[in-house]
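Here is the structure we will look at.
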Amino acid sequence: GVTFEYGLWTPRIRRRAAGDVVFSYGEFPAGYDDVPIVWEHTFAPQLSSDETAWQERWRARASSIVERATRIVTATEVSVEWFARMFPRAATKVRCVPYYLPDITAISDDALQAKLANSAPVRVLFVGKEARRKGLPQFVAAYRELDAATQRQLDVHVISAMLDGVVELPVTWHWQRSVPDVQIAMRAAHAFVFPSLTEAFGLVLVEAMAAGCMPVTTIAPLQRSIV
């Protein structure tokens, strides 16, 4: 039998079922000392993090978990590298297992060529339910620094419920709270702006690239490695 446990980083998960192995995402489960535990997590500093302080915080809160886990799974090689820096004695425990994305299909060659042949204006897309965490204010500020002629070359579309606070947008931008299929919007756009301040991975970058939509993101290690 296999038990799956999922949760945020809290100490609330306790043993609820029997199993021969436990797969845990995010939170590390308690009460499974007699079976192997495979723990999935991401290890890389965020854009705004001080790397030294970030590593110290991780060592303080996760050293015992790393010791108890039988195997540790993470989605990118850069995440493996950061884990090995923080926990060199446990480096043999970690494995890179990229995410499987069955619902993402690549744009056809014909559709891509048609989009590239029609790039005036350049259609720019921002997507994120939490607009502030995803960096929409930074995108707006960068746009306002452009000269008027350059701004007129950009057709900007924002899809966001703005759950973490309303962001005032330039009057020429187009805003929608949500859309039925974000991949359709990505296939129509030339560029995808993703200046996220905190992000565990960035699956949306993979979606954008599959849609032939050029990603513009931060220099945070995980997002940079994906692009």
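Lettering and numbering for the structure tokens are positional, with chains as A, B, ... in the shown order, residues counted from 1 in each chain, and ligands counted from 1 in the shown order.
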Query raised in the report: Do you know which residues are at most 9 Å from Val140 (chain A) counting only C-alpha atoms, after dropping those on the same chain fewer than 2 positions away, and could you put them as a ChimeraX atom specification?
Result: /A:135-138,142-145,167-170
Query - Within 8 Å of region 85-90 of chain A using only C-alpha atoms, minus same-chain residues under 5 positions, as a ChimeraX atom specification - result: /A:55,58-59,63,66-67
Residues as selected, N, CA and C atoms, written as a tab-separated table (two decimals), in the first residue's frame, can you do that?
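The result, stored in out.tsv:
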chain	number	residue	atom	x	y	z
A	55	GLN	N	19.63	30.24	3.54
A	55	GLN	CA	20.20	28.91	3.79
A	55	GLN	C	20.20	28.58	5.28
A	58	TRP	N	16.74	27.58	6.37
A	58	TRP	CA	16.41	26.23	5.90
A	58	TRP	C	17.11	25.16	6.75
A	59	ARG	N	18.36	25.38	7.06
A	59	ARG	CA	19.07	24.40	7.89
A	59	ARG	C	18.43	24.27	9.27
A	63	SER	N	16.66	20.44	9.07
A	63	SER	CA	17.73	19.46	9.26
A	63	SER	C	17.20	18.13	9.77
A	66	VAL	N	15.31	16.32	6.92
A	66	VAL	CA	16.23	15.76	5.93
A	66	VAL	C	16.85	14.48	6.46
A	67	GLU	N	17.16	14.46	7.75
A	67	GLU	CA	17.74	13.26	8.35
A	67	GLU	C	16.75	12.10	8.36
Requested in this report: Give the alpha helix (DSSP H) residues of chain A, as DSSP finds them on the backbone, and put them as a VMD selection string.
Outcome: chain A and resid 51 to 68 77 to 86 109 to 116 136 to 144 148 to 151 182 to 188 203 to 210 221 to 226
Give me the residues of region 29-128 of chain A that have any atom at most 7 Å from an atom of region 216-223 of chain A; for each, the nearest atom pair and the distance in Å, rounded to one decimal. Use only C-alpha atoms, sort by chain and number, and format it as JSON lines.
{"residue": "A:Ala44", "atom": "CA", "partner": "A:Pro221", "partner_atom": "CA", "distance": 6.4}
{"residue": "A:Pro45", "atom": "CA", "partner": "A:Pro221", "partner_atom": "CA", "distance": 7.0}
{"residue": "A:Gln46", "atom": "CA", "partner": "A:Ala220", "partner_atom": "CA", "distance": 5.9}
{"residue": "A:Leu47", "atom": "CA", "partner": "A:Ala220", "partner_atom": "CA", "distance": 4.7}
{"residue": "A:Val78", "atom": "CA", "partner": "A:Leu222", "partner_atom": "CA", "distance": 6.6}
Grab the residues selected above and save them as a compact mmCIF listing (two decimals), in the first residue's frame with N, CA and C atoms.
# COMPACT_ATOMS: atom_id res chain seq x y z
N ALA A 44 15.53 26.51 -3.33
CA ALA A 44 16.24 27.59 -4.03
C ALA A 44 15.72 28.90 -3.49
N PRO A 45 16.58 29.89 -3.29
CA PRO A 45 16.13 31.15 -2.70
C PRO A 45 15.21 31.92 -3.62
N GLN A 46 14.33 32.72 -3.02
CA GLN A 46 13.43 33.56 -3.79
C GLN A 46 14.18 34.81 -4.27
N LEU A 47 13.52 35.56 -5.12
CA LEU A 47 14.14 36.75 -5.72
C LEU A 47 14.62 37.73 -4.66
N VAL A 78 18.74 22.72 -10.53
CA VAL A 78 19.21 23.82 -9.69
C VAL A 78 18.71 23.65 -8.26
Requested in this report: Work out how far apart CA of Ala185 (chain A) and CA of Leu116 (chain A) are and give it in Å to one decimal.
Outcome: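 Going from CA of Ala185 (chain A) over to CA of Leu116 (chain A), I get 15.0 Å.
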Per residue of region 53-97 of chain A within 9 Å of region 21-35 of chain A, record the nearest atom pair and its distance in Å to one decimal, counting only C-alpha atoms, with rows in chain order and ascending residue number, as CSV.
residue,atom,partner,partner_atom,distance
A:Ile65,CA,A:Phe28,CA,7.0
A:Arg68,CA,A:Asp33,CA,8.1
A:Ala69,CA,A:Phe28,CA,8.6
A:Thr70,CA,A:Val35,CA,8.9
Report task. Tell me which protein, DNA and RNA residues are within 12 Å of region 108-113 of chain A, counting only C-alpha atoms, leaving out same-chain ones fewer than 4 positions away, and put them as a ChimeraX atom specification. Result -> /A:117-119,184,186-190,209-214
**Report entry** Who sits within 10 Å of Arg95 (chain A), only C-alpha atoms, same chain under 6 positions skipped, as a PyMOL selection string
**Finding:** chain A and resi 40+71-77+79-80
Output all heavy atoms of each residue in that selection to a file, as an mmCIF file, in the first residue's frame.
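Okay, result_30.cif is ready:
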data_model
loop_
_atom_site.group_PDB
_atom_site.id
_atom_site.type_symbol
_atom_site.label_atom_id
_atom_site.label_comp_id
_atom_site.auth_asym_id
_atom_site.auth_seq_id
_atom_site.Cartn_x
_atom_site.Cartn_y
_atom_site.Cartn_z
ATOM 1 N N GLU A 40 8.824 15.449 -1.128
ATOM 2 C CA GLU A 40 9.030 16.338 -2.260
ATOM 3 C C GLU A 40 8.995 17.790 -1.810
ATOM 4 O O GLU A 40 8.090 18.206 -1.088
ATOM 5 C CB GLU A 40 7.953 16.135 -3.332
ATOM 6 C CG GLU A 40 8.165 17.053 -4.525
ATOM 7 C CD GLU A 40 7.095 16.929 -5.575
ATOM 8 O OE1 GLU A 40 6.249 16.023 -5.479
ATOM 9 O OE2 GLU A 40 7.098 17.767 -6.507
ATOM 10 N N ARG A 71 14.102 9.402 1.024
ATOM 11 C CA ARG A 71 14.474 9.962 -0.258
ATOM 12 C C ARG A 71 13.835 11.338 -0.379
ATOM 13 O O ARG A 71 12.738 11.565 0.115
ATOM 14 C CB ARG A 71 14.007 9.076 -1.415
ATOM 15 C CG ARG A 71 14.434 9.551 -2.789
ATOM 16 C CD ARG A 71 15.916 9.310 -3.040
ATOM 17 N NE ARG A 71 16.204 7.901 -3.206
ATOM 18 C CZ ARG A 71 17.350 7.335 -2.866
ATOM 19 N NH1 ARG A 71 18.303 8.076 -2.316
ATOM 20 N NH2 ARG A 71 17.556 6.048 -3.056
ATOM 21 N N ILE A 72 14.514 12.269 -1.057
ATOM 22 C CA ILE A 72 14.009 13.634 -1.245
ATOM 23 C C ILE A 72 13.919 13.890 -2.745
ATOM 24 O O ILE A 72 14.884 13.636 -3.484
ATOM 25 C CB ILE A 72 14.922 14.659 -0.557
ATOM 26 C CG1 ILE A 72 14.869 14.431 0.964
ATOM 27 C CG2 ILE A 72 14.515 16.085 -0.899
ATOM 28 C CD1 ILE A 72 16.059 14.905 1.718
ATOM 29 N N VAL A 73 12.758 14.373 -3.172
ATOM 30 C CA VAL A 73 12.496 14.595 -4.588
ATOM 31 C C VAL A 73 12.301 16.082 -4.833
ATOM 32 O O VAL A 73 11.609 16.764 -4.065
ATOM 33 C CB VAL A 73 11.234 13.826 -5.044
ATOM 34 C CG1 VAL A 73 10.846 14.199 -6.471
ATOM 35 C CG2 VAL A 73 11.470 12.327 -4.929
ATOM 36 N N THR A 74 12.907 16.597 -5.893
ATOM 37 C CA THR A 74 12.723 17.987 -6.277
ATOM 38 C C THR A 74 12.708 18.068 -7.797
ATOM 39 O O THR A 74 13.190 17.155 -8.473
ATOM 40 C CB THR A 74 13.819 18.872 -5.656
ATOM 41 O OG1 THR A 74 13.466 20.239 -5.801
ATOM 42 C CG2 THR A 74 15.174 18.588 -6.259
ATOM 43 N N ALA A 75 12.136 19.146 -8.359
ATOM 44 C CA ALA A 75 11.778 19.138 -9.780
ATOM 45 C C ALA A 75 12.852 19.644 -10.735
ATOM 46 O O ALA A 75 12.728 19.462 -11.938
ATOM 47 C CB ALA A 75 10.495 19.949 -9.991
ATOM 48 N N THR A 76 13.889 20.303 -10.234
ATOM 49 C CA THR A 76 14.902 20.860 -11.134
ATOM 50 C C THR A 76 16.306 20.568 -10.615
ATOM 51 O O THR A 76 16.526 20.379 -9.419
ATOM 52 C CB THR A 76 14.749 22.387 -11.279
ATOM 53 O OG1 THR A 76 15.030 23.007 -10.013
ATOM 54 C CG2 THR A 76 13.349 22.770 -11.740
ATOM 55 N N GLU A 77 17.260 20.583 -11.544
ATOM 56 C CA GLU A 77 18.654 20.350 -11.159
ATOM 57 C C GLU A 77 19.182 21.479 -10.282
ATOM 58 O O GLU A 77 19.996 21.245 -9.381
ATOM 59 C CB GLU A 77 19.523 20.209 -12.415
ATOM 60 C CG GLU A 77 19.267 18.937 -13.212
ATOM 61 C CD GLU A 77 19.672 17.670 -12.464
ATOM 62 O OE1 GLU A 77 20.368 17.785 -11.429
ATOM 63 O OE2 GLU A 77 19.297 16.579 -12.911
ATOM 64 N N SER A 79 17.525 23.067 -8.085
ATOM 65 C CA SER A 79 17.027 22.784 -6.750
ATOM 66 C C SER A 79 17.874 21.703 -6.072
ATOM 67 O O SER A 79 18.154 21.773 -4.870
ATOM 68 C CB SER A 79 15.562 22.339 -6.826
ATOM 69 O OG SER A 79 14.988 22.238 -5.548
ATOM 70 N N VAL A 80 18.298 20.716 -6.836
ATOM 71 C CA VAL A 80 19.213 19.690 -6.306
ATOM 72 C C VAL A 80 20.514 20.326 -5.834
ATOM 73 O O VAL A 80 21.034 20.005 -4.756
ATOM 74 C CB VAL A 80 19.497 18.617 -7.381
ATOM 75 C CG1 VAL A 80 20.612 17.677 -6.923
ATOM 76 C CG2 VAL A 80 18.236 17.818 -7.698
#
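Rounded to one decimal, CA of Ala114 (chain A) and CA of Trp175 (chain A) lie 24.7 Å from each other.
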Query raised in the report: Near Val182 (chain A), counting only C-alpha atoms, which residues have an atom at most 10 Å away, once you skip same-chain residues fewer than 3 positions from it, shown as a list in words?
Result: Val127, Ile159, Ser178, Val179, Ala185, Met186, Arg187, Val204, Glu207 and Ala208 of chain A
Mind running region 137-172 of chain A against region 123-126 of chain A at 8 Å and telling me each contacting residue's nearest atom pair with the distance in Å (one decimal), counting only C-alpha atoms, chain and number ascending, as a Markdown table?
| residue | atom | partner | partner_atom | distance |
| --- | --- | --- | --- | --- |
| A:Leu154 | CA | A:Arg123 | CA | 6.0 |
| A:Asp155 | CA | A:Arg123 | CA | 4.7 |
| A:Val156 | CA | A:Val124 | CA | 4.7 |
| A:His157 | CA | A:Leu125 | CA | 4.9 |
| A:Val158 | CA | A:Phe126 | CA | 4.8 |
| A:Ile159 | CA | A:Phe126 | CA | 6.2 |
| A:Ser160 | CA | A:Phe126 | CA | 7.9 |
Convert the current residue selection to file output with C-alpha atoms, as a compact mmCIF listing (two decimals), in the first residue's frame.
# COMPACT_ATOMS: atom_id res chain seq x y z
CA LEU A 154 2.70 47.03 -26.77
CA ASP A 155 -0.81 45.57 -26.39
CA VAL A 156 -0.85 44.51 -22.72
CA HIS A 157 -3.40 42.05 -21.30
CA VAL A 158 -3.68 41.26 -17.58
CA ILE A 159 -5.57 38.21 -16.28
CA SER A 160 -5.77 38.46 -12.50
Requested in this report: From a DSSP calculation on the backbone, collect every residue of region 23-195 of chain A in strand (DSSP E or B) and output the set as a count of residues only.
Outcome: 34
**Report entry** Close residues, Ser196 (chain A) itself excluded, 7 Å, only C-alpha atoms, min 2 positions apart in chain, as a count of residues only
**Finding:** 6
Requested in this report: Can you work out which one of A:Ile104, A:Ala120, A:Ala141, A:Leu146 has the shortest atom-to-atom distance to Leu205 (chain A), counting only C-alpha atoms?
Outcome: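 Smallest distance to Leu205 (chain A) is found for A:Ile104.
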